[in-house]
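**Student:** The structure follows.
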Amino acid sequence: MKKELLKDHSAKIEDLKEEVRVFCTERDWDEPHNPKDLAIGIVTEASELLEIFRFYPEKESLEMVKNKEIRIKVGEELADVLCFILRFAQLYKLDLTTCLGDKLKKNAIKYPLSKEK
């Protein structure tokens, strides 16, 4: 029986890393998944996401994400980016939750709230 897919509200990053690890291991992809090539994969897939919206003004891009076919394409490209990020973190023992928390702390200092709020 096929494993039930998780949703954002119930998924754990470690479980997602494990799914990606199994998928890649079954295909013997450990060797080509070095830091440089994984970073290239992240950028390449992010570029494919950008390509969907290229040449469209901001207002039109906001409407585009309401279109079912475009949402599917956007989701596929986001999934590709996420897959490369998870694989990088899985292989090189990066805790993404810690990385995000640390970065948000740095950004809070770099970009403080305005005193008007």
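Quick note on naming: the chains in the structure tokens go A, B, ... in the order shown, residues restart at 1 in each chain, and ligands are numbered from 1 in order of appearance.
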So which residues of stretch 6-98 of chain A fall under helix (DSSP H, G or I) by DSSP, listed as a PyMOL selection string?
**Tutor:** chain A and resi 13-26+35-53+58-64+68-91+96-98
**Student:** Have a look at A:Ile109, A:Val74, A:Lys17, A:Lys115 and name the one nearest to A:Ser47; count only C-alpha atoms.
**Tutor:** A:Val74
**Student:** From the set A:Glu26, A:Leu82, A:Glu69, A:Lys110, which residue has the shortest atom-to-atom contact distance to A:Leu96, counting only C-alpha atoms?
**Tutor:**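 Counting only C-alpha atoms, the residue closest to A:Leu96 is A:Leu82.
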**Student:** Report the distance between atom CA of A:Cys99 and atom CA of A:Glu48 in Å, rounded to one decimal place.
**Tutor:** 24.9 Å
**Student:** What lies within 12 Å of A:Cys24 using only C-alpha atoms, ignoring chain neighbours under 4 positions off, as a list in words?
**Tutor:**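 Listing them by chain and then by number gives Lys17, Glu18, Glu19, Val20, Asp28, Trp29, Asp30, Glu31, Pro32, His33, Cys83, Phe84, Leu86, Arg87, Phe88, Gln90 and Leu91 of chain A.
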**Student:** Nearest to A:Asp37 among A:Ile85, A:Leu100, A:Leu62, A:Leu94, with distances taken over only C-alpha atoms: which residue is it?
**Tutor:**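 Checking each candidate against A:Asp37, we get A:Ile85 as the closest.
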**Student:** Rounded to one decimal in Å, what is the spacing between atom CA of A:Pro35 and atom CA of A:Asp15?
**Tutor:**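 Pair atom CA of A:Pro35 / atom CA of A:Asp15 returns 21.2 Å.
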**Student:** Quick one, how far is atom CA of A:Ile72 from atom CA of A:Thr97?
**Tutor:** 26.6 Å
